[in-house]
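Okay, so here's the structure we're looking at.
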Amino acid sequence: NTELQESNSELQLQISLLKEEIEELSEENSIEEFSKGLIQKNKLIGIARPVNVTTTNAHNYITINRGSVDGIKEGMGVINRSGVVGIISTVSKNYSLVISILNPKLRLSCKLKDSGYFGSLIWDGKSAEYAILEELPRHVEFEKGDTIITSGYSSVFPEGSMIGTVEESSRQKNDNFN
């Protein structure tokens, strides 16, 4: 099982790097410039186990069993097979603290997969099952079940990482956003 997880981790890294390479090669003028940019990227894909997880506090965090000796740095994104988990906030030698997406201090730039319209995902502190995607323009049409993914507008998460699906929508009477 551990070997399979390590193999999956290596394959995820290769896929991520290939997607970025295709994207950047279409934007860059030369492969040499692209190679320099790739070396500077701050990415590491590996397996970590949660040591402590909170989901019922006002500000939730996750402690993982990887730290600076494993190459973990503050500001790195954390993803599991279901999607985005959070962002590394503090790193010690052997452990790291992750700001969970179930923390109102964390805002993620997300978009609707099919339409491409984007907004900010926040957690309102009510239920660990739901978060709120704010700032979608009023005219955008979407339905229950539509997929929400990362927008790629931040340096933390690449475009297309799973966030969740639409459960319902609402807006204030005089608001221009869903």
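Residue numbering restarts at 1 for every chain of the structure tokens, chains are lettered A, B, ... in their displayed order, and ligands are numbered from 1 as they appear.
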
Using only C-alpha atoms, determine which residues lie at most 6 Å from segment 94-109 of chain A, disregarding the query and same-chain residues fewer than 5 positions distant; provide the list as an mmCIF file with N, CA, C and O atoms, in the first residue's frame.
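Result file is out-v6.cif:
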```
data_model
loop_
_atom_site.group_PDB
_atom_site.id
_atom_site.type_symbol
_atom_site.label_atom_id
_atom_site.label_comp_id
_atom_site.auth_asym_id
_atom_site.auth_seq_id
_atom_site.Cartn_x
_atom_site.Cartn_y
_atom_site.Cartn_z
ATOM 1 N N HIS A 59 -11.741 28.135 14.140
ATOM 2 C CA HIS A 59 -10.580 28.178 13.239
ATOM 3 C C HIS A 59 -9.917 26.805 13.275
ATOM 4 O O HIS A 59 -9.278 26.453 14.265
ATOM 5 N N ASN A 60 -10.082 26.047 12.198
ATOM 6 C CA ASN A 60 -9.610 24.670 12.167
ATOM 7 C C ASN A 60 -8.245 24.538 11.515
ATOM 8 O O ASN A 60 -7.936 25.222 10.538
ATOM 9 N N TYR A 61 -7.450 23.634 12.072
ATOM 10 C CA TYR A 61 -6.096 23.359 11.585
ATOM 11 C C TYR A 61 -5.875 21.857 11.528
ATOM 12 O O TYR A 61 -6.581 21.086 12.177
ATOM 13 N N ILE A 62 -4.866 21.469 10.754
ATOM 14 C CA ILE A 62 -4.455 20.075 10.657
ATOM 15 C C ILE A 62 -2.957 20.036 10.885
ATOM 16 O O ILE A 62 -2.219 20.830 10.299
ATOM 17 N N THR A 63 -2.493 19.135 11.730
ATOM 18 C CA THR A 63 -1.064 18.919 11.915
ATOM 19 C C THR A 63 -0.695 17.672 11.132
ATOM 20 O O THR A 63 -1.348 16.639 11.256
ATOM 21 N N ILE A 64 0.353 17.787 10.291
ATOM 22 C CA ILE A 64 0.805 16.631 9.509
ATOM 23 C C ILE A 64 2.204 16.219 9.949
ATOM 24 O O ILE A 64 2.949 17.017 10.513
ATOM 25 N N ASN A 65 2.557 14.971 9.652
ATOM 26 C CA ASN A 65 3.828 14.408 10.124
ATOM 27 C C ASN A 65 4.983 14.632 9.145
ATOM 28 O O ASN A 65 5.858 13.793 9.012
ATOM 29 N N ARG A 66 5.008 15.742 8.496
ATOM 30 C CA ARG A 66 6.114 16.114 7.619
ATOM 31 C C ARG A 66 6.496 17.553 7.924
ATOM 32 O O ARG A 66 5.630 18.392 8.174
ATOM 33 N N GLY A 67 7.805 17.836 7.869
ATOM 34 C CA GLY A 67 8.281 19.171 8.179
ATOM 35 C C GLY A 67 9.405 19.614 7.265
ATOM 36 O O GLY A 67 9.553 19.101 6.148
ATOM 37 N N VAL A 85 -7.173 20.645 0.619
ATOM 38 C CA VAL A 85 -7.288 20.493 2.067
ATOM 39 C C VAL A 85 -6.988 21.812 2.762
ATOM 40 O O VAL A 85 -7.683 22.221 3.681
ATOM 41 N N GLY A 86 -5.913 22.505 2.344
ATOM 42 C CA GLY A 86 -5.530 23.761 2.979
ATOM 43 C C GLY A 86 -4.152 24.201 2.541
ATOM 44 O O GLY A 86 -3.621 23.736 1.526
ATOM 45 N N ILE A 87 -3.556 25.086 3.341
ATOM 46 C CA ILE A 87 -2.249 25.670 3.035
ATOM 47 C C ILE A 87 -1.355 25.576 4.273
ATOM 48 O O ILE A 87 -1.797 25.870 5.384
ATOM 49 N N ILE A 88 -0.102 25.203 4.069
ATOM 50 C CA ILE A 88 0.871 25.118 5.169
ATOM 51 C C ILE A 88 1.081 26.508 5.761
ATOM 52 O O ILE A 88 1.407 27.451 5.047
ATOM 53 N N SER A 89 0.904 26.628 7.084
ATOM 54 C CA SER A 89 1.092 27.935 7.730
ATOM 55 C C SER A 89 2.344 27.988 8.592
ATOM 56 O O SER A 89 2.982 29.021 8.685
ATOM 57 N N GLY A 119 -14.765 33.110 -8.291
ATOM 58 C CA GLY A 119 -15.099 33.826 -7.072
ATOM 59 C C GLY A 119 -14.165 33.378 -5.961
ATOM 60 O O GLY A 119 -13.168 32.699 -6.210
ATOM 61 N N SER A 120 -14.498 33.728 -4.734
ATOM 62 C CA SER A 120 -13.681 33.367 -3.577
ATOM 63 C C SER A 120 -14.441 32.393 -2.688
ATOM 64 O O SER A 120 -15.602 32.640 -2.344
ATOM 65 N N LEU A 121 -13.770 31.316 -2.316
ATOM 66 C CA LEU A 121 -14.367 30.333 -1.421
ATOM 67 C C LEU A 121 -13.980 30.671 0.008
ATOM 68 O O LEU A 121 -12.799 30.880 0.304
ATOM 69 N N ILE A 122 -14.978 30.730 0.883
ATOM 70 C CA ILE A 122 -14.734 30.945 2.310
ATOM 71 C C ILE A 122 -15.595 29.971 3.102
ATOM 72 O O ILE A 122 -16.604 29.476 2.602
ATOM 73 N N TRP A 123 -15.193 29.718 4.325
ATOM 74 C CA TRP A 123 -15.992 28.891 5.224
ATOM 75 C C TRP A 123 -16.650 29.807 6.234
ATOM 76 O O TRP A 123 -15.992 30.656 6.846
ATOM 77 N N SER A 151 -9.002 28.130 -9.378
ATOM 78 C CA SER A 151 -8.964 28.958 -10.584
ATOM 79 C C SER A 151 -7.584 29.018 -11.234
ATOM 80 O O SER A 151 -7.477 29.325 -12.409
#
```

With only C-alpha atoms counted and 12 Å as the cut-off, give the residues of segment 61-81 of chain A in contact with segment 9-20 of chain A, each with its shortest interatomic distance in Å and the pair that gives it, as a tab-separated table.
```
residue	atom	partner	partner_atom	distance
A:Ile79	CA	A:Gln12	CA	10.9
A:Asn80	CA	A:Ser9	CA	10.3
A:Arg81	CA	A:Ser9	CA	10.3
```

* Selection near Asn178 of chain A, 12 Å with only C-alpha atoms, sequence-local residues under 6 positions removed, as number ranges by chain -> A: 117-120, 132-142, 166, 168-172

Next, dump the selected residues to file, keeping only N, CA and C atoms, as a PDB file, in the first residue's frame.
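What follows is the written file out.pdb:
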```pdb
ATOM      1  N   TYR A 117     -16.402  31.040 -14.721  1.00  0.00           N
ATOM      2  CA  TYR A 117     -16.611  32.185 -13.843  1.00  0.00           C
ATOM      3  C   TYR A 117     -16.009  31.883 -12.479  1.00  0.00           C
ATOM      4  N   PHE A 118     -15.381  32.907 -11.881  1.00  0.00           N
ATOM      5  CA  PHE A 118     -14.650  32.663 -10.638  1.00  0.00           C
ATOM      6  C   PHE A 118     -15.140  33.531  -9.491  1.00  0.00           C
ATOM      7  N   GLY A 119     -14.765  33.110  -8.291  1.00  0.00           N
ATOM      8  CA  GLY A 119     -15.099  33.826  -7.072  1.00  0.00           C
ATOM      9  C   GLY A 119     -14.165  33.378  -5.961  1.00  0.00           C
ATOM     10  N   SER A 120     -14.498  33.728  -4.734  1.00  0.00           N
ATOM     11  CA  SER A 120     -13.681  33.367  -3.577  1.00  0.00           C
ATOM     12  C   SER A 120     -14.441  32.393  -2.688  1.00  0.00           C
ATOM     13  N   ILE A 132     -18.751  28.545   1.206  1.00  0.00           N
ATOM     14  CA  ILE A 132     -19.480  29.507   0.380  1.00  0.00           C
ATOM     15  C   ILE A 132     -18.561  30.021  -0.725  1.00  0.00           C
ATOM     16  N   LEU A 133     -19.065  29.985  -1.953  1.00  0.00           N
ATOM     17  CA  LEU A 133     -18.354  30.575  -3.085  1.00  0.00           C
ATOM     18  C   LEU A 133     -18.996  31.924  -3.348  1.00  0.00           C
ATOM     19  N   GLU A 134     -18.298  32.979  -2.982  1.00  0.00           N
ATOM     20  CA  GLU A 134     -18.814  34.348  -3.101  1.00  0.00           C
ATOM     21  C   GLU A 134     -18.361  34.991  -4.404  1.00  0.00           C
ATOM     22  N   GLU A 135     -19.014  36.102  -4.712  1.00  0.00           N
ATOM     23  CA  GLU A 135     -18.590  37.000  -5.787  1.00  0.00           C
ATOM     24  C   GLU A 135     -18.766  36.436  -7.192  1.00  0.00           C
ATOM     25  N   LEU A 136     -19.669  35.466  -7.357  1.00  0.00           N
ATOM     26  CA  LEU A 136     -20.018  35.031  -8.713  1.00  0.00           C
ATOM     27  C   LEU A 136     -20.997  36.055  -9.275  1.00  0.00           C
ATOM     28  N   PRO A 137     -20.747  36.584 -10.473  1.00  0.00           N
ATOM     29  CA  PRO A 137     -21.656  37.588 -11.037  1.00  0.00           C
ATOM     30  C   PRO A 137     -23.097  37.092 -11.096  1.00  0.00           C
ATOM     31  N   ARG A 138     -24.015  38.017 -10.922  1.00  0.00           N
ATOM     32  CA  ARG A 138     -25.448  37.712 -10.839  1.00  0.00           C
ATOM     33  C   ARG A 138     -25.969  36.988 -12.087  1.00  0.00           C
ATOM     34  N   HIS A 139     -25.428  37.315 -13.259  1.00  0.00           N
ATOM     35  CA  HIS A 139     -25.925  36.746 -14.511  1.00  0.00           C
ATOM     36  C   HIS A 139     -25.425  35.319 -14.787  1.00  0.00           C
ATOM     37  N   VAL A 140     -24.482  34.838 -13.994  1.00  0.00           N
ATOM     38  CA  VAL A 140     -23.924  33.504 -14.227  1.00  0.00           C
ATOM     39  C   VAL A 140     -24.967  32.446 -13.893  1.00  0.00           C
ATOM     40  N   GLU A 141     -25.142  31.512 -14.833  1.00  0.00           N
ATOM     41  CA  GLU A 141     -26.082  30.428 -14.610  1.00  0.00           C
ATOM     42  C   GLU A 141     -25.309  29.172 -14.236  1.00  0.00           C
ATOM     43  N   PHE A 142     -25.777  28.510 -13.187  1.00  0.00           N
ATOM     44  CA  PHE A 142     -25.176  27.254 -12.755  1.00  0.00           C
ATOM     45  C   PHE A 142     -26.249  26.449 -12.052  1.00  0.00           C
ATOM     46  N   VAL A 166     -21.672  22.408  -6.401  1.00  0.00           N
ATOM     47  CA  VAL A 166     -22.711  23.349  -6.008  1.00  0.00           C
ATOM     48  C   VAL A 166     -23.858  22.580  -5.363  1.00  0.00           C
ATOM     49  N   GLU A 168     -26.472  24.662  -3.528  1.00  0.00           N
ATOM     50  CA  GLU A 168     -27.569  25.614  -3.701  1.00  0.00           C
ATOM     51  C   GLU A 168     -26.991  26.996  -3.933  1.00  0.00           C
ATOM     52  N   SER A 169     -27.841  27.936  -4.339  1.00  0.00           N
ATOM     53  CA  SER A 169     -27.380  29.311  -4.544  1.00  0.00           C
ATOM     54  C   SER A 169     -28.371  30.283  -3.937  1.00  0.00           C
ATOM     55  N   SER A 170     -27.866  31.457  -3.615  1.00  0.00           N
ATOM     56  CA  SER A 170     -28.720  32.516  -3.092  1.00  0.00           C
ATOM     57  C   SER A 170     -27.997  33.845  -3.301  1.00  0.00           C
ATOM     58  N   ARG A 171     -28.744  34.929  -3.126  1.00  0.00           N
ATOM     59  CA  ARG A 171     -28.152  36.261  -3.206  1.00  0.00           C
ATOM     60  C   ARG A 171     -29.012  37.226  -2.405  1.00  0.00           C
ATOM     61  N   GLN A 172     -28.356  38.280  -1.971  1.00  0.00           N
ATOM     62  CA  GLN A 172     -29.078  39.340  -1.283  1.00  0.00           C
ATOM     63  C   GLN A 172     -29.955  40.082  -2.303  1.00  0.00           C
TER      64      GLN A 172
END
```

* **Residue nearest Val156 of chain A among A:Lys113, A:Ser127, A:Gly75, A:Lys93 (counting only C-alpha atoms)** => A:Gly75
